[in-house]
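Asker: Pasting query_19.csv here (CSV, C-alpha atoms):
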```csv
chain,number,residue,atom,x,y,z
A,1,MET,CA,63.4,148.3,28.0
A,2,THR,CA,62.4,151.6,29.8
A,3,GLU,CA,62.4,151.9,33.6
A,4,THR,CA,58.6,152.1,33.7
A,5,GLU,CA,58.4,148.9,31.7
A,6,LYS,CA,60.8,147.2,34.0
A,7,HIS,CA,58.8,148.4,37.0
A,8,ILE,CA,55.6,147.0,35.5
A,9,ILE,CA,57.2,143.6,34.8
A,10,LEU,CA,58.6,143.5,38.3
A,11,ARG,CA,55.0,144.1,39.6
A,12,CYS,CA,53.8,141.2,37.3
A,13,LYS,CA,56.5,139.0,38.9
A,14,ASP,CA,54.8,139.8,42.3
A,15,GLY,CA,51.5,138.6,40.8
A,16,ASP,CA,49.9,142.0,40.0
A,17,LYS,CA,47.3,141.3,37.3
A,18,THR,CA,46.6,145.0,36.6
A,19,ALA,CA,50.2,145.4,35.6
A,20,PHE,CA,50.0,142.3,33.4
A,21,ARG,CA,46.9,143.7,31.7
A,22,TRP,CA,49.1,146.6,30.6
A,23,VAL,CA,51.6,144.1,29.2
A,24,VAL,CA,48.9,142.2,27.3
A,25,GLN,CA,47.5,145.5,25.8
A,26,THR,CA,51.0,146.6,24.8
A,27,TYR,CA,52.3,143.4,23.2
A,28,GLN,CA,49.2,141.5,22.0
A,29,ARG,CA,49.4,143.1,18.5
A,30,MET,CA,53.0,142.0,18.1
A,31,VAL,CA,52.2,138.4,19.1
A,32,PHE,CA,49.1,138.4,16.9
A,33,SER,CA,51.1,139.6,13.9
A,34,LEU,CA,53.6,136.7,14.2
A,35,ALA,CA,50.8,134.2,14.9
A,36,LEU,CA,48.7,135.3,11.9
A,37,LYS,CA,51.6,135.0,9.5
A,38,MET,CA,52.7,131.7,10.9
A,39,MET,CA,49.2,130.1,11.2
A,40,ALA,CA,47.6,131.8,8.2
A,41,ASP,CA,44.3,131.6,10.1
A,42,GLU,CA,42.9,134.5,12.2
A,43,GLU,CA,41.1,132.4,14.8
A,44,GLU,CA,44.1,130.1,15.4
A,45,ALA,CA,46.3,133.2,15.7
A,46,LYS,CA,44.0,134.5,18.4
A,47,ASP,CA,44.3,131.2,20.2
A,48,VAL,CA,48.1,131.4,20.0
A,49,VAL,CA,48.0,134.9,21.4
A,50,GLN,CA,45.9,133.8,24.4
A,51,GLU,CA,48.1,130.8,25.1
A,52,THR,CA,51.2,132.9,24.8
A,53,PHE,CA,50.1,135.4,27.5
A,54,ILE,CA,49.0,132.6,29.8
A,55,HIS,CA,52.4,130.9,29.4
A,56,ALA,CA,54.0,134.3,30.0
A,57,TRP,CA,52.0,134.9,33.1
A,58,LEU,CA,52.9,131.5,34.5
A,59,GLY,CA,56.6,131.8,33.6
A,60,ILE,CA,57.2,135.5,34.4
A,61,GLY,CA,58.8,134.5,37.7
A,62,ASP,CA,61.7,133.0,35.8
A,63,TYR,CA,62.0,135.9,33.3
A,64,ASP,CA,65.3,137.8,33.4
A,65,VAL,CA,64.5,141.5,33.5
A,66,GLU,CA,67.8,142.3,31.8
A,67,ARG,CA,66.7,140.5,28.6
A,68,PRO,CA,64.3,142.2,26.1
A,69,PHE,CA,60.8,141.4,27.0
A,70,SER,CA,59.6,141.3,23.4
A,71,THR,CA,62.2,138.6,22.5
A,72,TRP,CA,61.1,136.6,25.5
A,73,LEU,CA,57.4,136.8,24.3
A,74,TYR,CA,58.4,136.0,20.7
A,75,THR,CA,60.2,132.9,22.0
A,76,ILE,CA,57.0,131.7,23.7
A,77,ALA,CA,54.8,132.5,20.7
A,78,SER,CA,57.2,130.9,18.2
A,79,ARG,CA,57.2,127.6,20.2
A,80,LEU,CA,53.4,127.6,20.4
A,81,CYS,CA,53.1,128.3,16.7
A,82,LEU,CA,55.4,125.4,15.9
A,83,ASN,CA,53.4,123.2,18.2
A,84,HIS,CA,50.1,124.3,16.5
A,85,LEU,CA,51.6,123.7,13.0
A,86,LYS,CA,52.7,120.2,14.1
A,87,ARG,CA,49.2,119.3,15.3
A,88,GLY,CA,47.0,121.0,12.7
A,89,LYS,CA,46.8,120.5,9.0
A,90,VAL,CA,48.4,123.1,6.7
A,91,ASN,CA,46.0,125.1,4.6
A,92,SER,CA,47.1,125.1,1.0
A,93,ALA,CA,46.7,128.1,-1.1
A,94,LEU,CA,43.6,128.5,-3.3
A,95,SER,CA,43.0,130.5,-6.4
A,96,GLN,CA,41.5,133.4,-4.4
A,97,ASP,CA,44.7,133.6,-2.4
A,98,GLU,CA,46.7,133.9,-5.6
A,99,GLN,CA,44.4,136.6,-6.7
A,100,ALA,CA,45.0,138.5,-3.5
A,101,LEU,CA,48.7,138.3,-4.1
A,102,GLN,CA,48.2,139.4,-7.7
A,103,ARG,CA,46.3,142.5,-6.5
A,104,PHE,CA,49.0,143.3,-3.9
A,105,ALA,CA,51.8,142.8,-6.5
A,106,SER,CA,50.1,144.9,-9.2
A,107,GLY,CA,49.1,147.7,-6.8
A,108,ASP,CA,50.9,151.0,-7.5
A,109,ASP,CA,50.1,152.4,-4.1
A,110,SER,CA,53.1,151.6,-1.9
A,111,GLN,CA,51.2,153.0,1.1
A,112,GLN,CA,48.5,150.3,0.6
A,113,THR,CA,47.8,148.6,4.0
A,114,LEU,CA,46.9,144.9,3.9
A,115,GLU,CA,43.9,143.6,5.7
A,116,ASN,CA,44.1,140.4,7.8
A,117,LYS,CA,42.4,138.4,5.1
A,118,GLU,CA,44.9,139.6,2.6
A,119,TRP,CA,47.8,138.8,4.9
A,120,VAL,CA,46.4,135.3,5.3
A,121,SER,CA,46.1,134.8,1.5
A,122,ILE,CA,49.6,136.2,0.7
A,123,VAL,CA,51.3,134.2,3.4
A,124,LYS,CA,49.5,131.0,2.3
A,125,VAL,CA,50.8,131.5,-1.3
A,126,LEU,CA,54.3,132.4,-0.3
A,127,THR,CA,55.0,129.9,2.5
A,128,ASN,CA,53.4,126.9,0.7
A,129,GLY,CA,55.9,124.0,0.7
A,130,LEU,CA,58.2,125.5,3.4
A,131,SER,CA,59.1,123.5,6.5
A,132,SER,CA,57.9,125.0,9.8
A,133,LYS,CA,61.4,126.1,10.7
A,134,GLN,CA,61.9,127.8,7.4
A,135,ARG,CA,58.5,129.4,7.7
A,136,LEU,CA,59.4,130.7,11.2
A,137,VAL,CA,62.8,132.1,10.2
A,138,PHE,CA,61.3,133.7,7.0
A,139,THR,CA,58.4,135.3,9.0
A,140,LEU,CA,60.6,136.6,11.8
A,141,CYS,CA,63.4,137.9,9.5
A,142,GLN,CA,61.5,139.0,6.4
A,143,LEU,CA,58.0,139.8,7.6
A,144,GLU,CA,58.6,141.0,11.2
A,145,GLY,CA,61.9,142.7,10.3
A,146,LEU,CA,63.9,141.2,13.2
A,147,SER,CA,67.7,141.0,13.1
A,148,ALA,CA,69.5,137.7,12.8
A,149,ALA,CA,70.8,138.0,16.3
A,150,GLU,CA,67.2,138.4,17.6
A,151,VAL,CA,66.0,135.4,15.5
A,152,GLU,CA,68.9,133.4,17.0
A,153,GLN,CA,67.8,134.2,20.5
A,154,ILE,CA,64.1,133.5,19.7
A,155,THR,CA,64.6,130.2,17.8
A,156,GLY,CA,67.6,128.9,19.6
A,157,MET,CA,69.3,128.3,16.2
A,158,ASN,CA,72.8,129.5,15.5
A,159,VAL,CA,73.6,132.1,12.9
A,160,LEU,CA,74.4,129.6,10.2
A,161,GLN,CA,71.1,127.7,10.7
A,162,VAL,CA,69.2,131.0,10.6
A,163,LYS,CA,70.9,132.1,7.4
A,164,SER,CA,70.6,128.7,5.7
A,165,ASN,CA,66.9,128.4,6.6
A,166,LEU,CA,66.2,132.0,5.4
A,167,TYR,CA,68.2,131.3,2.1
A,168,VAL,CA,66.3,128.1,1.4
A,169,ALA,CA,62.9,129.8,2.2
A,170,ARG,CA,63.7,132.7,-0.2
A,171,GLN,CA,64.8,130.4,-2.9
A,172,ARG,CA,61.6,128.4,-2.7
A,173,ILE,CA,59.4,131.5,-2.6
A,174,ARG,CA,61.2,132.9,-5.6
A,175,LYS,CA,60.6,129.6,-7.5
A,176,ARG,CA,56.9,129.6,-6.4
A,177,LEU,CA,56.4,133.2,-7.6
A,178,LYS,CA,58.2,132.3,-10.9
A,179,GLU,CA,55.7,129.5,-11.4
A,180,LEU,CA,52.9,131.9,-10.8
A,181,GLY,CA,54.2,134.2,-13.5
A,182,TYR,CA,56.1,136.8,-11.5
A,183,GLU,CA,59.5,138.0,-12.6
Z,1,MET,CA,54.7,141.9,-13.2
Z,2,ASN,CA,56.7,143.0,-10.2
Z,3,LYS,CA,59.8,141.2,-9.3
Z,4,THR,CA,59.9,138.8,-6.3
Z,5,ASN,CA,62.3,141.0,-4.4
Z,6,ASP,CA,60.0,143.9,-4.8
Z,7,ILE,CA,57.1,141.9,-3.4
Z,8,LEU,CA,59.1,140.8,-0.4
Z,9,GLU,CA,60.4,144.3,0.2
Z,10,ARG,CA,56.9,145.8,0.1
Z,11,LEU,CA,55.7,143.1,2.5
Z,12,SER,CA,58.5,143.9,5.0
Z,13,HIS,CA,57.4,147.5,5.1
Z,14,GLN,CA,53.8,146.7,5.7
Z,15,PRO,CA,52.4,147.6,9.2
Z,16,GLN,CA,51.5,144.8,11.6
Z,17,PRO,CA,48.1,143.2,11.2
Z,18,VAL,CA,45.4,144.7,13.4
Z,19,ILE,CA,43.3,142.8,15.9
Z,20,ASP,CA,39.6,143.4,15.2
Z,21,ASN,CA,38.6,143.8,18.8
Z,22,PRO,CA,41.7,144.1,21.0
Z,23,ASP,CA,39.9,144.8,24.2
Z,24,GLU,CA,37.8,141.7,23.9
Z,25,LEU,CA,41.0,139.6,23.3
Z,26,THR,CA,42.6,141.3,26.3
Z,27,ASP,CA,39.6,140.5,28.6
Z,28,SER,CA,39.5,137.0,27.3
Z,29,ILE,CA,43.2,136.6,28.2
Z,30,MET,CA,42.8,138.1,31.6
Z,31,THR,CA,39.9,135.9,32.5
Z,32,HIS,CA,41.8,132.8,31.5
Z,33,LEU,CA,44.8,133.7,33.6
Z,34,PRO,CA,45.3,131.2,36.4
Z,35,ASP,CA,46.0,132.2,40.0
Z,36,VAL,CA,49.7,132.3,40.5
Z,37,GLY,CA,49.4,131.5,44.2
Z,38,ALA,CA,47.4,128.3,43.4
Z,39,THR,CA,49.8,127.2,40.8
Z,40,LYS,CA,52.7,127.9,43.2
Z,41,GLU,CA,51.0,125.8,45.9
Z,42,LYS,CA,50.4,123.0,43.4
Z,43,ALA,CA,54.1,123.1,42.4
Z,44,HIS,CA,55.1,123.2,46.1
Z,45,GLY,CA,52.8,120.1,46.8
Z,46,LYS,CA,54.3,118.3,43.9
Z,47,ARG,CA,57.8,119.1,45.1
Z,48,TRP,CA,56.9,117.6,48.5
Z,49,ILE,CA,55.6,114.4,46.8
Z,50,TYR,CA,58.9,114.1,44.9
Z,51,ILE,CA,60.9,114.6,48.0
Z,52,ALA,CA,58.9,112.1,50.0
Z,53,SER,CA,59.0,109.5,47.3
Z,54,ALA,CA,62.8,110.0,47.0
Z,55,ILE,CA,63.2,109.5,50.7
Z,56,ALA,CA,61.0,106.3,50.6
Z,57,VAL,CA,63.1,104.9,47.8
Z,58,ALA,CA,66.4,105.6,49.6
Z,59,ALA,CA,65.1,104.0,52.8
Z,60,SER,CA,63.9,100.9,51.0
Z,61,LEU,CA,67.3,100.6,49.3
Z,62,LEU,CA,69.1,101.0,52.7
Z,63,LEU,CA,66.9,98.3,54.2
Z,64,LEU,CA,67.7,96.0,51.3
Z,65,MET,CA,71.4,96.6,51.7
Z,66,VAL,CA,71.2,95.9,55.4
Z,67,PHE,CA,69.3,92.7,54.8
Z,68,GLN,CA,71.9,91.6,52.2
Z,69,GLN,CA,74.7,92.4,54.6
Z,70,GLY,CA,73.1,90.2,57.2
Z,71,ARG,CA,73.0,87.3,54.8
Z,72,LYS,CA,76.7,87.4,53.8
Z,73,PRO,CA,78.8,84.7,55.5
Z,74,THR,CA,81.3,86.1,58.1
Z,75,GLU,CA,85.0,84.9,58.5
Z,76,GLN,CA,84.1,82.9,61.6
Z,77,SER,CA,81.2,81.1,59.9
Z,78,SER,CA,83.3,80.2,56.9
Z,79,VAL,CA,86.0,78.6,59.1
Z,80,MET,CA,83.3,76.6,60.9
Z,81,VAL,CA,81.9,75.4,57.6
Z,82,GLU,CA,85.3,74.2,56.5
Z,83,GLN,CA,85.9,72.3,59.8
Z,84,MET,CA,82.5,70.7,59.5
Z,85,ALA,CA,83.3,69.6,56.0
Z,86,LYS,CA,86.6,68.1,57.1
Z,87,GLN,CA,84.8,66.1,59.8
Z,88,ASP,CA,82.3,64.8,57.4
Z,89,GLU,CA,85.1,63.3,55.2
Z,90,PRO,CA,85.3,59.4,55.5
Z,91,GLN,CA,88.4,58.3,57.5
Z,92,PRO,CA,90.2,55.1,56.7
Z,93,SER,CA,89.5,52.3,59.1
Z,94,PRO,CA,92.4,51.2,61.4
Z,95,VAL,CA,92.4,47.7,60.0
Z,96,GLU,CA,93.0,49.1,56.5
Z,97,VAL,CA,95.8,51.3,57.8
Z,98,SER,CA,97.6,48.4,59.5
Z,99,ARG,CA,97.3,46.3,56.3
Z,100,GLU,CA,98.8,49.1,54.2
Z,101,LYS,CA,101.7,49.5,56.7
Z,102,LYS,CA,102.5,45.8,56.5
Z,103,GLU,CA,102.5,45.9,52.7
Z,104,VAL,CA,104.8,48.8,52.7
Z,105,ALA,CA,107.2,47.1,55.1
Z,106,MET,CA,107.2,44.0,52.9
Z,107,VAL,CA,108.0,46.0,49.8
Z,108,VAL,CA,110.9,47.8,51.6
Z,109,GLU,CA,112.3,44.5,52.7
Z,110,THR,CA,112.2,42.9,49.2
Z,111,VAL,CA,113.8,45.9,47.5
Z,112,VAL,CA,117.6,45.4,47.9
Z,113,PRO,CA,119.9,48.1,46.7
Z,114,GLN,CA,122.1,46.9,43.9
Z,115,LYS,CA,125.6,48.2,43.2
Z,116,THR,CA,126.0,49.7,39.7
Z,117,THR,CA,128.9,48.5,37.6
Z,118,LYS,CA,130.9,50.5,35.1
Z,119,LYS,CA,129.1,48.8,32.3
Z,120,HIS,CA,125.8,49.8,33.6
Z,121,ARG,CA,126.8,53.4,34.2
Z,122,LYS,CA,128.2,53.7,30.6
Z,123,ALA,CA,125.1,52.3,29.1
Z,124,HIS,CA,122.9,54.5,31.2
Z,125,ARG,CA,124.9,57.6,30.2
Z,126,LYS,CA,124.6,56.6,26.5
Z,127,TYR,CA,120.9,56.1,26.9
Z,128,ARG,CA,120.4,59.5,28.6
Z,129,ARG,CA,122.4,61.3,25.9
Z,130,SER,CA,120.2,59.8,23.2
Z,131,THR,CA,116.9,60.3,25.0
Z,132,GLU,CA,117.3,63.6,26.8
Z,133,PRO,CA,118.0,66.3,24.3
Z,134,VAL,CA,115.0,68.4,25.2
Z,135,VAL,CA,114.7,68.0,28.9
Z,136,GLU,CA,117.9,68.6,30.7
Z,137,GLU,CA,117.0,67.9,34.2
Z,138,VAL,CA,114.1,66.2,35.6
Z,139,GLU,CA,113.2,66.9,39.1
Z,140,PRO,CA,111.8,64.0,41.0
Z,141,ILE,CA,108.2,64.5,42.0
Z,142,VAL,CA,108.1,64.5,45.7
Z,143,GLU,CA,104.7,63.9,47.1
Z,144,LYS,CA,104.2,65.5,50.4
Z,145,VAL,CA,102.5,63.2,52.9
Z,146,GLU,CA,100.6,65.4,55.2
Z,147,PRO,CA,99.9,64.1,58.7
Z,148,MET,CA,96.4,63.1,59.5
Z,149,PRO,CA,94.6,66.0,60.9
Z,150,SER,CA,93.6,65.4,64.5
Z,151,ARG,CA,90.0,65.9,65.1
Z,152,HIS,CA,90.4,67.6,68.4
Z,153,PRO,CA,93.3,68.0,70.7
Z,154,ALA,CA,91.2,66.6,73.6
Z,155,VAL,CA,90.2,63.5,71.7
Z,156,GLU,CA,92.9,60.8,71.6
Z,157,ASP,CA,93.9,59.2,68.4
Z,158,PRO,CA,92.0,55.9,67.8
Z,159,TYR,CA,95.2,54.3,66.3
Z,160,LEU,CA,97.1,54.9,69.5
Z,161,ILE,CA,94.2,53.3,71.5
Z,162,MET,CA,94.2,50.3,69.2
Z,163,ALA,CA,98.0,50.0,69.5
Z,164,ARG,CA,97.8,50.2,73.3
Z,165,GLN,CA,95.1,47.5,73.3
Z,166,ALA,CA,97.2,45.3,71.1
Z,167,GLN,CA,100.2,45.7,73.4
Z,168,ASP,CA,98.0,44.7,76.4
Z,169,ILE,CA,96.7,41.6,74.6
Z,170,ARG,CA,100.3,40.7,73.6
Z,171,SER,CA,101.6,41.1,77.2
Z,172,ARG,CA,98.6,39.2,78.5
Z,173,GLY,CA,99.3,36.4,76.0
Z,174,GLU,CA,103.0,36.3,77.0
Z,175,ARG,CA,102.0,36.2,80.7
Z,176,LEU,CA,99.7,33.3,79.9
Z,177,HIS,CA,102.4,31.6,77.9
Z,178,GLU,CA,104.8,31.9,80.8
Z,179,GLU,CA,102.2,30.5,83.3
Z,180,VAL,CA,101.4,27.6,81.0
Z,181,ALA,CA,105.2,26.9,80.6
Z,182,MET,CA,105.6,27.0,84.4
Z,183,LEU,CA,102.7,24.6,84.8
Z,184,MET,CA,104.1,22.3,82.3
Z,185,ASP,CA,107.5,22.4,84.0
Z,186,ASP,CA,105.8,21.6,87.3
```
What do you get writing this file as structure tokens?

Answerer:
Amino acid sequence: MTETEKHIILRCKDGDKTAFRWVVQTYQRMVFSLALKMMADEEEAKDVVQETFIHAWLGIGDYDVERPFSTWLYTIASRLCLNHLKRGKVNSALSQDEQALQRFASGDDSQQTLENKEWVSIVKVLTNGLSSKQRLVFTLCQLEGLSAAEVEQITGMNVLQVKSNLYVARQRIRKRLKELGYE
Amino acid sequence: MNKTNDILERLSHQPQPVIDNPDELTDSIMTHLPDVGATKEKAHGKRWIYIASAIAVAASLLLLMVFQQGRKPTEQSSVMVEQMAKQDEPQPSPVEVSREKKEVAMVVETVVPQKTTKKHRKAHRKYRRSTEPVVEEVEPIVEKVEPMPSRHPAVEDPYLIMARQAQDIRSRGERLHEEVAMLMDD
């Protein structure tokens, strides 16, 4: 965390909303990315983003400035995603979602950027049948590109739990893709 | 078809999804932010409620303990209760006691100690050897006769009063007997 960032967060701790606006603008895409991949629904992802920042605002007084701010935000967002997944029904993948994955898999252009709808479809196909914890670990490690140590901090699991959840998630995804004719 | 690993690898290199209208989402978040001062005041108020309720509970417990302590019997009161119970016990009447004394005296008079002969002692030893292999010594059971507890040091024993009255009657009778004898002689 840079000194400027630290200074802004300290202002947020004092109740400065203008400083917090900067925080929201800087980190909302990161939170939205995790929420969209976890929830596989754009509107629900936006709700999670909003709730995450409200929780962050209320709890920023307890935030330790020496810890990475992104990890702290990821922790709040992960818990909210798990809560939403517990409450809501999981959308199963449809044939159009499988077609979206097929288009992505067959695309030769490695620079191809996925749209939100495509992300939703691909995530639905891949994470179908995974538990919420496996889904969270897979999203954080594989799709968000976080390190095992960071995932440990965010989820509160130990290294073994993180690794085993990731291993099982990958095995199930591999099996699912095999069923769909990949590999 | 591409391999699974390739798909996962390509997904990991994809840029983060984009929010359609980020400013709108930011504004929505900012308008929904609660006032920290108000929430702090609420928390402060709640804390005071917790403290007050804890104090109330502690005070009621203390009162209850004090009440219980007051109801416990003290050492003095227990002694008094014991004395009262002793006083309530039925005492034997003096007539009964005198009758018992007489019976005891009669029994003592009738029992005459007998001298043991050699024959008796031998037979007794033989009998003891055959019957006492297990118990070597039998201690006689001595019943301790406790003296009658006096009701109060100031109050005189009723038996003593009765004895004194009997003595008076006897002396009066003897005097009467002497007077009658003297009259008869005259």

Asker: Give me, as a ChimeraX atom specification, the contact residues of chain A against chain Z at a cut-off of 9 Å, counting all atoms listed in the file.

Answerer: /A:15,17,20-21,24-25,28-30,32-34,36,46,49-51,53-54,57-58,102,104-106,110-116,119,141-145,173-174,177-178,181-183

Asker: What is the distance, in Å and to one decimal place, between atom CA of Thr155 of chain A and atom CA of Tyr167 of chain A?

Answerer: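 Going from atom CA of Thr155 of chain A over to atom CA of Tyr167 of chain A covers 16.1 Å.
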
Asker: Between A:Asn83, A:Ser92, A:Ser164, A:Ser147, single out the one closest to Val120 of chain A, counting all atoms listed in the file.

Answerer: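 Of A:Asn83, A:Ser92, A:Ser164, A:Ser147, the one nearest Val120 of chain A, counting all atoms listed in the file, is A:Ser92.
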
Asker: Tell me which of A:Leu140, A:Ala40, A:Val65, A:Val151 sits closest to Leu10 of chain A, counting all atoms listed in the file.

Answerer: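 That would be A:Val65, the residue with the smallest distance to Leu10 of chain A.
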
Asker: Enter the distance from atom CA of Gln171 of chain A to atom CA of Phe138 of chain A, in Å, rounded to one decimal.

Answerer: 11.0 Å

Asker: With all atoms listed in the file as the basis for distance, which of A:Ile9, A:Val125, A:Leu85, A:Met1 is at the shortest distance from Lys175 of chain A?

Answerer: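 Counting all atoms listed in the file, the residue closest to Lys175 of chain A is A:Val125.
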
Asker: If I take atom CA of Arg71 of chain Z and atom CA of Val57 of chain Z, how far is one from the other in Å, to one decimal?

Answerer: 21.4 Å

Asker: Using only C-alpha atoms for the distances, tell me which of Z:Ile49, Z:Val95, Z:Ala59, Z:Met65 is nearest to Ala163 of chain Z.

Answerer: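 Looking at the shortest contact to Ala163 of chain Z, the residue is Z:Val95.
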
Asker: Between A:Thr139, A:Phe69, A:Thr18, A:Cys81, which has the minimum distance to Glu44 of chain A (counting only C-alpha atoms)?

Answerer: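 That would be A:Cys81, the residue with the smallest distance to Glu44 of chain A.
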
Asker: Counting all atoms listed in the file, I want the residues whose atoms come within 6 Å of (67.8, 135.1, 7.5) in the file frame, returned as a PyMOL selection string.

Answerer: chain A and resi 141+162-163+166

Asker: If you count only C-alpha atoms, which residues fall within 12 Å of Thr4 of chain A, apart from same-chain ones fewer than 6 positions away, as a list in words?

Answerer: Leu10, Arg11, Ala19, Trp22 and Val23 of chain A
